[in-house]
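Next up, input_18.tsv (TSV, C-alpha atoms and all ligand atoms):
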```tsv
chain	number	residue	atom	x	y	z
A	1	MET	CA	-9.76	20.89	-13.19
A	2	ALA	CA	-7.31	23.38	-14.59
A	3	VAL	CA	-9.03	25.83	-16.87
A	4	TYR	CA	-8.68	29.19	-15.20
A	5	THR	CA	-9.23	31.35	-18.28
A	6	HIS	CA	-12.17	30.85	-20.60
A	7	VAL	CA	-11.47	31.32	-24.31
A	8	SER	CA	-14.51	31.97	-26.52
A	9	ALA	CA	-14.88	30.14	-29.82
A	10	GLU	CA	-14.65	33.50	-31.63
A	11	ALA	CA	-11.41	34.49	-29.89
A	12	LEU	CA	-9.91	31.06	-30.56
A	13	GLY	CA	-10.91	31.20	-34.23
A	14	ASP	CA	-9.25	34.63	-34.60
A	15	PHE	CA	-6.16	33.34	-32.76
A	16	LEU	CA	-5.81	30.27	-35.00
A	17	ALA	CA	-6.19	32.43	-38.11
A	18	ARG	CA	-2.66	33.77	-37.41
A	19	TYR	CA	-1.27	30.26	-38.01
A	20	ASP	CA	-1.14	27.78	-40.88
A	21	VAL	CA	-2.99	25.15	-38.86
A	22	GLY	CA	-6.31	24.85	-40.69
A	23	GLU	CA	-9.75	25.75	-39.37
A	24	LEU	CA	-11.03	25.25	-35.83
A	25	VAL	CA	-13.05	22.04	-35.43
A	26	SER	CA	-13.31	21.71	-31.64
A	27	ALA	CA	-11.71	22.83	-28.39
A	28	LYS	CA	-12.06	21.22	-24.98
A	29	GLY	CA	-10.65	22.24	-21.63
A	30	ILE	CA	-8.22	19.70	-20.17
A	31	ALA	CA	-8.89	18.72	-16.57
A	32	GLU	CA	-5.34	17.55	-15.73
A	33	GLY	CA	-2.70	19.96	-14.52
A	34	VAL	CA	-2.81	22.61	-11.85
A	35	GLU	CA	-0.65	25.46	-13.09
A	36	ASN	CA	-1.97	26.64	-16.46
A	37	SER	CA	-5.15	26.58	-18.55
A	38	ASN	CA	-4.90	23.93	-21.25
A	39	TYR	CA	-7.22	23.20	-24.16
A	40	LEU	CA	-7.17	20.31	-26.59
A	41	VAL	CA	-7.71	21.95	-29.97
A	42	ASP	CA	-8.65	20.05	-33.13
A	43	THR	CA	-8.43	21.76	-36.49
A	44	THR	CA	-8.90	20.57	-40.04
A	45	ALA	CA	-5.08	20.12	-40.12
A	46	GLY	CA	-4.52	18.23	-36.88
A	47	ARG	CA	-4.51	18.33	-33.09
A	48	PHE	CA	-2.81	20.89	-30.84
A	49	ILE	CA	-2.56	21.98	-27.22
A	50	LEU	CA	-3.40	25.58	-26.40
A	51	THR	CA	-1.81	26.74	-23.15
A	52	LEU	CA	-2.63	30.00	-21.38
A	53	TYR	CA	-0.05	30.75	-18.71
A	54	GLU	CA	-1.34	31.44	-15.21
A	55	ARG	CA	-0.17	31.44	-11.63
A	56	ARG	CA	3.52	30.63	-11.28
A	57	VAL	CA	4.58	31.06	-14.91
A	58	ALA	CA	6.03	34.53	-15.53
A	59	ALA	CA	5.61	35.81	-19.07
A	60	GLY	CA	9.25	36.92	-19.03
A	61	ASP	CA	10.35	33.29	-18.59
A	62	LEU	CA	8.49	32.00	-21.64
A	63	PRO	CA	11.33	32.74	-24.12
A	64	TYR	CA	13.63	30.56	-21.95
A	65	PHE	CA	11.11	27.67	-21.87
A	66	MET	CA	10.49	27.89	-25.61
A	67	ALA	CA	14.22	28.02	-26.42
A	68	LEU	CA	14.74	24.95	-24.24
A	69	LEU	CA	11.94	23.05	-26.00
A	70	ASP	CA	13.29	24.06	-29.43
A	71	HIS	CA	16.78	22.91	-28.37
A	72	LEU	CA	15.52	19.48	-27.26
A	73	ALA	CA	13.21	19.06	-30.25
A	74	ALA	CA	16.08	19.92	-32.62
A	75	LYS	CA	18.04	17.06	-31.03
A	76	GLY	CA	15.19	14.65	-31.69
A	77	LEU	CA	13.80	14.38	-28.17
A	78	ALA	CA	10.05	13.82	-27.79
A	79	VAL	CA	9.12	17.24	-26.43
A	80	PRO	CA	6.40	19.55	-27.74
A	81	PRO	CA	7.76	22.76	-29.23
A	82	ALA	CA	5.51	25.81	-29.54
A	83	ILE	CA	4.14	26.38	-33.04
A	84	LYS	CA	5.12	29.67	-34.67
A	85	ASP	CA	2.54	31.79	-36.43
A	86	ARG	CA	3.01	33.10	-40.00
A	87	ALA	CA	5.12	35.97	-38.64
A	88	GLY	CA	7.39	33.54	-36.76
A	89	VAL	CA	5.94	34.41	-33.36
A	90	ALA	CA	5.42	31.59	-30.80
A	91	ILE	CA	4.52	33.52	-27.64
A	92	GLN	CA	1.17	35.27	-28.04
A	93	THR	CA	-1.53	36.91	-25.96
A	94	LEU	CA	-5.03	35.42	-25.79
A	95	ALA	CA	-7.91	36.31	-23.46
A	96	GLY	CA	-5.53	38.62	-21.64
A	97	ARG	CA	-3.03	35.85	-20.85
A	98	PRO	CA	0.32	34.90	-22.41
A	99	ALA	CA	-0.47	31.90	-24.64
A	100	CYS	CA	1.19	29.35	-26.92
A	101	LEU	CA	-0.12	26.84	-29.43
A	102	ILE	CA	1.84	23.66	-28.80
A	103	ALA	CA	2.45	20.48	-30.75
A	104	PHE	CA	0.26	17.61	-29.52
A	105	LEU	CA	2.14	14.46	-28.53
A	106	PRO	CA	0.52	11.01	-28.31
A	107	GLY	CA	0.62	8.96	-25.14
A	108	VAL	CA	-0.88	8.81	-21.68
A	109	SER	CA	0.65	9.37	-18.27
A	110	VAL	CA	0.75	6.32	-16.05
A	111	SER	CA	-0.61	6.32	-12.48
A	112	HIS	CA	1.13	3.13	-11.34
A	113	PRO	CA	4.46	2.87	-13.18
A	114	THR	CA	5.86	-0.58	-13.83
A	115	VAL	CA	9.55	-1.44	-13.62
A	116	ALA	CA	9.87	-1.20	-17.41
A	117	GLN	CA	8.10	2.18	-17.53
A	118	ALA	CA	10.24	3.60	-14.71
A	119	HIS	CA	13.38	2.39	-16.49
A	120	ALA	CA	12.25	4.13	-19.71
A	121	ALA	CA	11.50	7.34	-17.79
A	122	GLY	CA	14.96	7.28	-16.19
A	123	GLU	CA	16.55	6.82	-19.61
A	124	ALA	CA	14.50	9.71	-21.03
A	125	LEU	CA	15.53	12.00	-18.16
A	126	ALA	CA	19.22	11.19	-18.71
A	127	GLN	CA	18.89	11.66	-22.48
A	128	MET	CA	17.37	15.05	-21.77
A	129	HIS	CA	20.27	15.96	-19.47
A	130	VAL	CA	22.79	14.88	-22.13
A	131	ALA	CA	20.96	16.95	-24.77
A	132	LEU	CA	20.94	19.98	-22.47
A	133	GLY	CA	24.70	19.80	-21.98
A	134	ASP	CA	25.20	22.51	-24.60
A	135	PHE	CA	22.05	24.53	-23.91
A	136	ALA	CA	23.11	28.13	-23.29
A	137	GLY	CA	19.90	29.38	-21.64
A	138	ASP	CA	19.92	30.18	-17.95
A	139	ARG	CA	17.07	30.61	-15.49
A	140	ALA	CA	17.41	30.75	-11.71
A	141	ASN	CA	15.32	28.16	-9.85
A	142	THR	CA	12.54	30.24	-8.34
A	143	MET	CA	11.47	27.14	-6.35
A	144	GLY	CA	15.07	26.23	-5.44
A	145	HIS	CA	16.54	25.57	-2.00
A	146	ALA	CA	17.15	29.27	-1.23
A	147	HIS	CA	13.39	29.84	-1.49
A	148	TRP	CA	12.19	27.08	0.83
A	149	ARG	CA	12.55	28.89	4.15
A	150	PRO	CA	10.79	32.05	2.89
A	151	LEU	CA	8.04	29.80	1.48
A	152	LEU	CA	7.65	28.02	4.83
A	153	ASP	CA	7.44	31.43	6.52
A	154	ARG	CA	4.76	32.51	4.03
A	155	CYS	CA	2.77	29.36	4.88
A	156	GLY	CA	3.22	30.30	8.54
A	157	ASP	CA	1.18	28.71	11.30
A	158	GLY	CA	-1.53	27.99	8.72
A	159	ILE	CA	0.46	24.93	7.73
A	160	ASP	CA	-0.45	23.36	11.08
A	161	SER	CA	-4.08	23.28	9.94
A	162	ILE	CA	-2.94	20.56	7.51
A	163	ALA	CA	-1.36	18.50	10.31
A	164	PRO	CA	-0.57	19.57	13.88
A	165	GLY	CA	3.15	20.27	14.35
A	166	LEU	CA	3.86	20.41	10.62
A	167	PHE	CA	5.59	23.80	10.77
A	168	ILE	CA	8.16	22.63	13.31
A	169	ARG	CA	8.63	19.28	11.54
A	170	VAL	CA	9.38	20.95	8.20
A	171	ALA	CA	11.54	23.66	9.78
A	172	ALA	CA	13.74	21.00	11.42
A	173	ALA	CA	14.08	18.99	8.20
A	174	LEU	CA	14.87	22.19	6.34
A	175	ASP	CA	17.69	23.03	8.76
A	176	ASP	CA	19.27	19.61	8.18
A	177	VAL	CA	18.85	19.65	4.40
A	178	LEU	CA	20.15	23.20	3.93
A	179	ALA	CA	23.18	22.46	6.14
A	180	ALA	CA	24.06	19.49	3.93
A	181	TRP	CA	23.03	20.94	0.56
A	182	PRO	CA	25.87	20.29	-1.93
A	183	SER	CA	27.59	23.14	-3.72
A	184	ASP	CA	30.02	21.24	-5.93
A	185	LEU	CA	27.82	19.08	-8.17
A	186	ALA	CA	27.31	19.51	-11.92
A	187	THR	CA	24.54	21.94	-12.82
A	188	SER	CA	22.62	22.29	-16.07
A	189	ALA	CA	19.15	23.11	-17.28
A	190	ILE	CA	16.80	20.66	-15.53
A	191	HIS	CA	13.11	19.85	-15.89
A	192	ALA	CA	12.47	20.10	-12.13
A	193	ASP	CA	8.95	18.58	-12.24
A	194	LEU	CA	9.22	15.27	-14.12
A	195	PHE	CA	6.38	13.56	-12.30
A	196	PRO	CA	4.60	10.63	-13.99
A	197	ASP	CA	1.88	13.06	-15.14
A	198	ASN	CA	4.50	14.94	-17.15
A	199	VAL	CA	5.72	11.87	-19.02
A	200	LEU	CA	3.55	10.58	-21.86
A	201	MET	CA	3.93	6.87	-22.61
A	202	LEU	CA	2.57	4.22	-24.94
A	203	GLY	CA	3.17	0.86	-23.31
A	204	ASP	CA	6.75	0.91	-22.03
A	205	ARG	CA	7.85	3.64	-24.47
A	206	VAL	CA	8.19	7.32	-23.61
A	207	THR	CA	6.38	9.33	-26.27
A	208	GLY	CA	6.64	12.76	-24.70
A	209	LEU	CA	8.13	14.83	-21.91
A	210	ILE	CA	5.88	17.81	-21.20
A	211	ASP	CA	5.30	20.70	-18.81
A	212	PHE	CA	8.72	22.35	-18.69
A	213	TYR	CA	7.41	25.41	-16.84
A	214	PHE	CA	9.56	24.85	-13.75
A	215	ALA	CA	12.68	24.25	-15.88
A	216	CYS	CA	15.70	26.12	-14.58
A	217	THR	CA	19.42	25.87	-13.97
A	218	ASP	CA	20.15	23.72	-10.91
A	219	ILE	CA	22.01	20.61	-9.74
A	220	ARG	CA	21.50	17.93	-12.40
A	221	ALA	CA	21.26	15.08	-9.88
A	222	TYR	CA	18.54	17.04	-8.05
A	223	ASP	CA	16.37	16.51	-11.15
A	224	LEU	CA	16.86	12.75	-10.73
A	225	ALA	CA	16.00	13.07	-7.03
A	226	ILE	CA	12.77	14.97	-7.87
A	227	THR	CA	11.89	12.31	-10.43
A	228	HIS	CA	12.60	9.51	-7.96
A	229	SER	CA	10.47	11.18	-5.28
A	230	SER	CA	7.52	11.24	-7.67
A	231	TRP	CA	7.90	7.83	-9.39
A	232	ALA	CA	8.83	5.58	-6.48
A	233	PHE	CA	5.77	6.34	-4.31
A	234	ASP	CA	2.02	6.16	-4.72
A	235	ALA	CA	-0.28	9.18	-4.47
A	236	SER	CA	-0.59	8.79	-0.70
A	237	GLY	CA	3.21	8.90	-0.35
A	238	ALA	CA	3.65	5.20	0.40
A	239	PRO	CA	6.61	3.55	-1.33
A	240	ILE	CA	5.63	1.25	-4.17
A	241	ASP	CA	7.66	-1.77	-5.24
A	242	PRO	CA	11.31	-0.81	-4.52
A	243	ALA	CA	12.17	-2.29	-7.92
A	244	VAL	CA	10.35	0.64	-9.57
A	245	GLY	CA	12.53	3.29	-7.90
A	246	GLN	CA	15.61	1.20	-8.65
A	247	ALA	CA	14.58	0.83	-12.31
A	248	LEU	CA	14.30	4.60	-12.62
A	249	LEU	CA	17.86	4.98	-11.30
A	250	ASP	CA	19.13	2.12	-13.49
A	251	GLY	CA	17.51	3.62	-16.58
A	252	TYR	CA	19.10	6.98	-15.83
A	253	GLU	CA	22.53	5.47	-15.21
A	254	SER	CA	22.34	3.35	-18.37
A	255	VAL	CA	22.71	6.67	-20.21
A	256	LEU	CA	24.40	8.98	-17.71
A	257	PRO	CA	26.14	7.31	-14.73
A	258	LEU	CA	26.16	9.29	-11.49
A	259	THR	CA	29.50	10.38	-10.10
A	260	GLU	CA	30.36	9.17	-6.61
A	261	ALA	CA	29.73	12.69	-5.28
A	262	GLU	CA	26.28	12.76	-6.94
A	263	ARG	CA	25.40	9.34	-5.53
A	264	ALA	CA	26.51	10.38	-2.04
A	265	ALA	CA	24.34	13.51	-2.27
A	266	MET	CA	21.19	11.73	-3.48
A	267	PRO	CA	19.66	11.28	0.00
A	268	VAL	CA	19.85	14.98	0.81
A	269	LEU	CA	18.74	15.94	-2.71
A	270	ALA	CA	15.72	13.63	-2.37
A	271	GLN	CA	14.84	15.07	1.05
A	272	GLY	CA	15.16	18.54	-0.49
A	273	ALA	CA	12.81	17.50	-3.29
A	274	CYS	CA	10.28	16.39	-0.67
A	275	ILE	CA	10.51	19.71	1.16
A	276	ARG	CA	10.12	21.65	-2.10
A	277	PHE	CA	6.90	19.86	-3.13
A	278	LEU	CA	5.57	19.64	0.41
A	279	LEU	CA	5.91	23.42	0.69
A	280	SER	CA	4.40	24.34	-2.69
A	281	ARG	CA	1.49	21.97	-2.03
A	282	ALA	CA	1.07	23.29	1.53
A	283	TYR	CA	1.09	26.88	0.29
A	284	ASP	CA	-1.58	26.00	-2.30
A	285	TRP	CA	-3.55	24.02	0.31
A	286	VAL	CA	-3.65	26.93	2.71
A	287	ASN	CA	-4.37	29.52	0.01
A	288	THR	CA	-6.83	27.64	-2.25
A	289	PRO	CA	-10.46	27.45	-1.13
A	290	ALA	CA	-11.56	23.82	-0.66
A	291	ASP	CA	-14.36	24.37	-3.23
A	292	ALA	CA	-12.07	25.83	-5.95
A	293	LEU	CA	-12.24	24.16	-9.36
A	294	VAL	CA	-8.62	23.06	-9.18
A	295	THR	CA	-7.86	19.84	-7.27
A	296	ARG	CA	-5.43	20.56	-4.43
A	297	LYS	CA	-2.54	18.11	-4.15
A	298	ASP	CA	-1.89	16.43	-0.80
A	299	PRO	CA	1.10	18.01	1.01
A	300	LEU	CA	1.24	15.11	3.47
A	301	ALA	CA	2.06	12.66	0.68
A	302	TYR	CA	5.37	14.52	0.54
A	303	LEU	CA	5.81	14.42	4.31
A	304	ARG	CA	5.52	10.62	4.11
A	305	ARG	CA	8.14	10.54	1.33
A	306	LEU	CA	10.41	12.76	3.43
A	307	ASP	CA	9.97	10.35	6.36
A	308	TRP	CA	10.87	7.47	4.06
A	309	TYR	CA	14.06	9.06	2.69
A	310	GLU	CA	15.15	10.00	6.23
A	311	ALA	CA	14.58	6.41	7.36
A	312	HIS	CA	16.38	4.89	4.34
A	313	PRO	CA	19.69	6.77	3.99
A	314	LYS	CA	21.12	3.89	1.94
A	315	ALA	CA	18.36	3.96	-0.68
A	316	PHE	CA	20.77	5.19	-3.36
A	317	THR	CA	23.80	3.12	-2.34
A	318	ARG	CA	24.98	0.59	-4.94
B	401	LIG	N1	2.01	18.61	-25.84
B	401	LIG	C1	1.06	17.86	-25.30
B	401	LIG	N2	0.59	16.78	-25.97
B	401	LIG	C2	-0.41	16.02	-25.44
B	401	LIG	N3	-1.02	16.29	-24.27
B	401	LIG	C3	-0.59	17.35	-23.57
B	401	LIG	C4	0.48	18.19	-24.04
B	401	LIG	N4	0.66	19.18	-23.14
B	401	LIG	C5	-0.24	18.98	-22.16
B	401	LIG	N5	-0.99	17.89	-22.41
B	401	LIG	C6	-2.09	17.36	-21.59
B	401	LIG	O1	-2.53	18.40	-20.75
B	401	LIG	C7	-2.40	18.02	-19.38
B	401	LIG	C8	-1.98	19.23	-18.55
B	401	LIG	O2	-0.74	19.72	-19.04
B	401	LIG	P1	0.36	20.28	-18.07
B	401	LIG	O3	1.41	20.93	-18.90
B	401	LIG	O4	0.83	19.20	-17.13
B	401	LIG	O5	-0.47	21.37	-17.27
B	401	LIG	P2	-0.05	22.26	-16.04
B	401	LIG	O6	1.10	23.10	-16.52
B	401	LIG	O7	-1.26	23.05	-15.73
B	401	LIG	O8	0.34	21.34	-14.94
B	401	LIG	C9	-1.39	16.90	-19.38
B	401	LIG	O9	-1.57	16.02	-18.29
B	401	LIG	C10	-1.68	16.21	-20.70
B	401	LIG	O10	-2.80	15.36	-20.56
B	402	LIG	N1	4.05	18.31	-9.80
B	402	LIG	C1	3.72	19.20	-8.72
B	402	LIG	C2	2.76	20.30	-9.07
B	402	LIG	C3	2.88	20.85	-10.45
B	402	LIG	O1	1.82	20.29	-11.17
B	402	LIG	P1	1.93	19.88	-12.72
B	402	LIG	O2	0.58	19.34	-13.00
B	402	LIG	O3	2.28	21.14	-13.41
B	402	LIG	O4	3.00	18.83	-12.80
B	402	LIG	C4	3.10	18.44	-7.53
B	402	LIG	O5	2.65	17.31	-7.75
B	402	LIG	O6	3.09	18.99	-6.43
```
Now, as a test, write the supplied structure out as structure tokens.
Ligand SMILES: Nc1ncnc2c1ncn2[C@@H]1O[C@H](COP(=O)(O)OP(=O)(O)O)[C@@H](O)[C@H]1O
Ligand SMILES: N[C@@H](CCOP(=O)(O)O)C(=O)O
Amino acid sequence: MAVYTHVSAEALGDFLARYDVGELVSAKGIAEGVENSNYLVDTTAGRFILTLYERRVAAGDLPYFMALLDHLAAKGLAVPPAIKDRAGVAIQTLAGRPACLIAFLPGVSVSHPTVAQAHAAGEALAQMHVALGDFAGDRANTMGHAHWRPLLDRCGDGIDSIAPGLFIRVAAALDDVLAAWPSDLATSAIHADLFPDNVLMLGDRVTGLIDFYFACTDIRAYDLAITHSSWAFDASGAPIDPAVGQALLDGYESVLPLTEAERAAMPVLAQGACIRFLLSRAYDWVNTPADALVTRKDPLAYLRRLDWYEAHPKAFTR
């Protein structure tokens, strides 16, 4: 459940009155997601998403995220731009939180991607990278590789309560990955969290890419590695049909072929992706009470993926 901030009907009605979006009909908290509070809002003019930014989203980063969404939407990509009120303002304050009213996109996120769906997601990621080639915005990756050791240190010994020996296991993997981390690959704005739950689909068609709140400037192929680490495995971290992971890569390369240097770096980028999500999940696991409303995500699913990438160094070889 991810509704951290309650918005009263009165406050929402006053908020919507700033916009040309009709009258409030209904509003329901959305259970999916872990970062922000999201409501599905129906008005007499249509359907919208109301997002109140919590936790890891800094208000100062919102102009970057909104500019990125406007850039992609202007190029015809299926992303949800924020709606502007009558004064042209997109980033608002509601119930004491930064808040945006966002275009609703149709589609559902798949739990068990098929080959065709993974191929379409890979294509959509590459199309996004192409469209971001001339995006001027810049945001440092606050969850990037330079932050992983400090994050592991902040988890501390507590991480061993998740699995005995986890601290030492992650520290060793981190040493290897940081020693091999590439410094010469193309960078651009990346999504950095394109998990299946952030891709809306109807059948085999991508109808929306959402949740850009980790977007940042980083290695472009790292975005593909993050996406692979989330699409090619099930929720427990076990690899699903290898054809699904391959279809994701094929879909990506049908639009934007990898360079040889990018392909060679994919194993270390994928292991880095595993460490990044293992650590953020572990930090949340250790710091979120087991009875909190939000569902904690399993850090060990990312340890299993890390094990798999380490054991399959040729997974990205043609
Ligand atoms: N623009 C949108 N159109 C349709 N549904 C959306 C949209 N944005 C979010 N959602 C729904 O809300 C859920 C949570 O959104 P998300 O941005 O992933 O939250 P969080 O940032 O908390 O992880 C999504 O899984 C999806 O069901
Ligand atoms: N995708 C991350 C957590 C971020 O959650 P999201 O719902 O905002 O995508 C993970 O699975 O660890």
Kindly work out which residues sit at most 6 Å from ligand LIG 402 (chain B), using all atoms listed in the file, and give the list as a ChimeraX atom specification. /A:33-35,193,195,277,281
The residue from A:Ala264, A:Leu194, A:Leu303, A:Leu256 with the smallest atom-to-atom distance to ligand LIG 401 (chain B), counting all atoms listed in the file, is A:Leu194
Give as a ChimeraX atom specification the residues surrounding ligand LIG 401 (chain B) up to a distance of 9 Å, considering all atoms listed in the file. /A:2-3,30-40,47-51,53-54,57,79-82,102-109,197-200,208-213
Resulting file, chosen residues, C-alpha atoms, as a CSV table (one decimal), in the frame of the given file:
```
chain,number,residue,atom,x,y,z
A,2,ALA,CA,-7.3,23.4,-14.6
A,3,VAL,CA,-9.0,25.8,-16.9
A,30,ILE,CA,-8.2,19.7,-20.2
A,31,ALA,CA,-8.9,18.7,-16.6
A,32,GLU,CA,-5.3,17.6,-15.7
A,33,GLY,CA,-2.7,20.0,-14.5
A,34,VAL,CA,-2.8,22.6,-11.8
A,35,GLU,CA,-0.6,25.5,-13.1
A,36,ASN,CA,-2.0,26.6,-16.5
A,37,SER,CA,-5.2,26.6,-18.6
A,38,ASN,CA,-4.9,23.9,-21.2
A,39,TYR,CA,-7.2,23.2,-24.2
A,40,LEU,CA,-7.2,20.3,-26.6
A,47,ARG,CA,-4.5,18.3,-33.1
A,48,PHE,CA,-2.8,20.9,-30.8
A,49,ILE,CA,-2.6,22.0,-27.2
A,50,LEU,CA,-3.4,25.6,-26.4
A,51,THR,CA,-1.8,26.7,-23.2
A,53,TYR,CA,0.0,30.8,-18.7
A,54,GLU,CA,-1.3,31.4,-15.2
A,57,VAL,CA,4.6,31.1,-14.9
A,79,VAL,CA,9.1,17.2,-26.4
A,80,PRO,CA,6.4,19.6,-27.7
A,81,PRO,CA,7.8,22.8,-29.2
A,82,ALA,CA,5.5,25.8,-29.5
A,102,ILE,CA,1.8,23.7,-28.8
A,103,ALA,CA,2.4,20.5,-30.8
A,104,PHE,CA,0.3,17.6,-29.5
A,105,LEU,CA,2.1,14.5,-28.5
A,106,PRO,CA,0.5,11.0,-28.3
A,107,GLY,CA,0.6,9.0,-25.1
A,108,VAL,CA,-0.9,8.8,-21.7
A,109,SER,CA,0.6,9.4,-18.3
A,197,ASP,CA,1.9,13.1,-15.1
A,198,ASN,CA,4.5,14.9,-17.2
A,199,VAL,CA,5.7,11.9,-19.0
A,200,LEU,CA,3.6,10.6,-21.9
A,208,GLY,CA,6.6,12.8,-24.7
A,209,LEU,CA,8.1,14.8,-21.9
A,210,ILE,CA,5.9,17.8,-21.2
A,211,ASP,CA,5.3,20.7,-18.8
A,212,PHE,CA,8.7,22.4,-18.7
A,213,TYR,CA,7.4,25.4,-16.8
```
For Arg86 in chain A, which of A:Arg56, A:Ala17, A:Asp204, A:Asp160 is the closest residue, counting all atoms listed in the file?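 Looking only at the distances to Arg86 in chain A, the closest residue turns out to be A:Ala17.
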Nearest residue to Val255 in chain A out of A:Ala126, A:Glu10, A:Val21, A:Ala67, using all atoms listed in the file?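 Checking each candidate against Val255 in chain A, we get A:Ala126 as the closest.
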Rounded to one decimal, what separation in Å do you get between CA of Arg154 in chain A and CA of Asn287 in chain A? 10.4 Å
Would you pick out the contacts of Pro63 in chain A at 10 Å or less, using all atoms listed in the file, so that residues sharing its chain but fewer than 6 positions from it are not included, and give the list as a ChimeraX atom specification? /A:69,90-91,137
Go ahead and dump the residues you just picked, C-alpha atoms, as a CSV table (one decimal), keeping the file's coordinate frame.
```
chain,number,residue,atom,x,y,z
A,69,LEU,CA,11.9,23.0,-26.0
A,90,ALA,CA,5.4,31.6,-30.8
A,91,ILE,CA,4.5,33.5,-27.6
A,137,GLY,CA,19.9,29.4,-21.6
```
When you draw a straight line from CA of Gln92 in chain A to CA of Asp42 in chain A, how long is it in Å?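 The value is 18.8 Å.
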Can you work out which one of A:Tyr309, A:Arg149, A:Thr259, A:Lys84 has the shortest atom-to-atom distance to Asp175 in chain A, counting only C-alpha atoms?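 Distance minimum relative to Asp175 in chain A lands on A:Arg149.
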Which residue gives the smallest distance to Phe233 in chain A among A:Pro313, A:Gly88, A:Gly13, A:Pro113, with all atoms listed in the file counted?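 Once distances to Phe233 in chain A are computed over all atoms listed in the file, the minimum belongs to A:Pro113.
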Just the number, please: distance in Å from CA of Val89 in chain A to CA of Ala131 in chain A, one decimal.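 So the two atoms, CA of Val89 in chain A and CA of Ala131 in chain A, lie 24.6 Å apart.
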Proximity of range 274-310 of chain A to range 139-143 of chain A: per-residue shortest pair, 12 Å limit, all atoms listed in the file, as a tab-separated table:
```
residue	atom	partner	partner_atom	distance
A:Ile275	CA	A:Met143	CA	10.6
A:Arg276	CA	A:Met143	CA	7.1
A:Phe277	CA	A:Met143	CA	9.2
A:Leu278	CA	A:Met143	CA	11.7
A:Leu279	CA	A:Met143	CA	9.7
A:Ser280	CA	A:Met143	CA	8.4
```
Keeping only C-alpha atoms, write the selected residues to a file as a PDB file, in the coordinates of the input.
```pdb
ATOM      1  CA  ILE A 275      10.510  19.710   1.160  1.00  0.00           C
ATOM      2  CA  ARG A 276      10.120  21.650  -2.100  1.00  0.00           C
ATOM      3  CA  PHE A 277       6.900  19.860  -3.130  1.00  0.00           C
ATOM      4  CA  LEU A 278       5.570  19.640   0.410  1.00  0.00           C
ATOM      5  CA  LEU A 279       5.910  23.420   0.690  1.00  0.00           C
ATOM      6  CA  SER A 280       4.400  24.340  -2.690  1.00  0.00           C
TER       7      SER A 280
END
```
Just want the 12 Å neighbourhood of Ser183 in chain A, counted on all atoms listed in the file, with same-chain residues fewer than 3 positions away dropped. Output as a compact mmCIF listing (two decimals) with C-alpha atoms, keeping the file's coordinate frame.
```
# COMPACT_ATOMS: atom_id res chain seq x y z
CA HIS A 145 16.54 25.57 -2.00
CA LEU A 178 20.15 23.20 3.93
CA ALA A 179 23.18 22.46 6.14
CA ALA A 180 24.06 19.49 3.93
CA ALA A 186 27.31 19.51 -11.92
CA THR A 187 24.54 21.94 -12.82
CA ASP A 218 20.15 23.72 -10.91
CA ILE A 219 22.01 20.61 -9.74
CA ARG A 220 21.50 17.93 -12.40
CA ALA A 221 21.26 15.08 -9.88
CA TYR A 222 18.54 17.04 -8.05
CA ALA A 261 29.73 12.69 -5.28
CA GLU A 262 26.28 12.76 -6.94
CA ALA A 265 24.34 13.51 -2.27
CA LEU A 269 18.74 15.94 -2.71
```
Test item: residues at most 7 Å from Arg304 in chain A, all atoms listed in the file, excluding those fewer than 4 positions along its chain, as a list in words: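 So the residues in contact are Gly237, Ala238, Leu300 and Trp308 of chain A.
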Write the residues of the preceding selection, restricted to C-alpha atoms, as an mmCIF file, keeping the file's coordinate frame.
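Generated output (part.cif):
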```
data_model
loop_
_atom_site.group_PDB
_atom_site.id
_atom_site.type_symbol
_atom_site.label_atom_id
_atom_site.label_comp_id
_atom_site.auth_asym_id
_atom_site.auth_seq_id
_atom_site.Cartn_x
_atom_site.Cartn_y
_atom_site.Cartn_z
ATOM 1 C CA GLY A 237 3.210 8.900 -0.350
ATOM 2 C CA ALA A 238 3.650 5.200 0.400
ATOM 3 C CA LEU A 300 1.240 15.110 3.470
ATOM 4 C CA TRP A 308 10.870 7.470 4.060
#
```
Using only C-alpha atoms: which of A:Ser236, A:Thr114, A:Thr207, A:Thr288 has the shortest distance to Leu248 in chain A: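 Closest candidate: A:Thr114.
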Take every atom of range 256-272 of chain A listed in the file, fit an axis-aligned box around them, add 4 Å per side, and give the centre and edge lengths in Å to one decimal as JSON.
```
{"center_x": 22.6, "center_y": 12.9, "center_z": -8.3, "size_x": 23.5, "size_y": 19.2, "size_z": 26.8}
```
Excluding Pro239 in chain A and its own-chain neighbours fewer than 6 positions away, which residues fall within 12 Å of it when counting only C-alpha atoms? Please give them as a PyMOL selection string. chain A and resi 112+228-233+245-246+301-302+304-309+312+315
Could you check which residues have any atom within 8 Å of (15.6, 23.3, -17.8), counting only C-alpha atoms with coordinates taken straight from the file, and then list them as a ChimeraX atom specification? /A:65,68,132,139,188-192,212,214-217
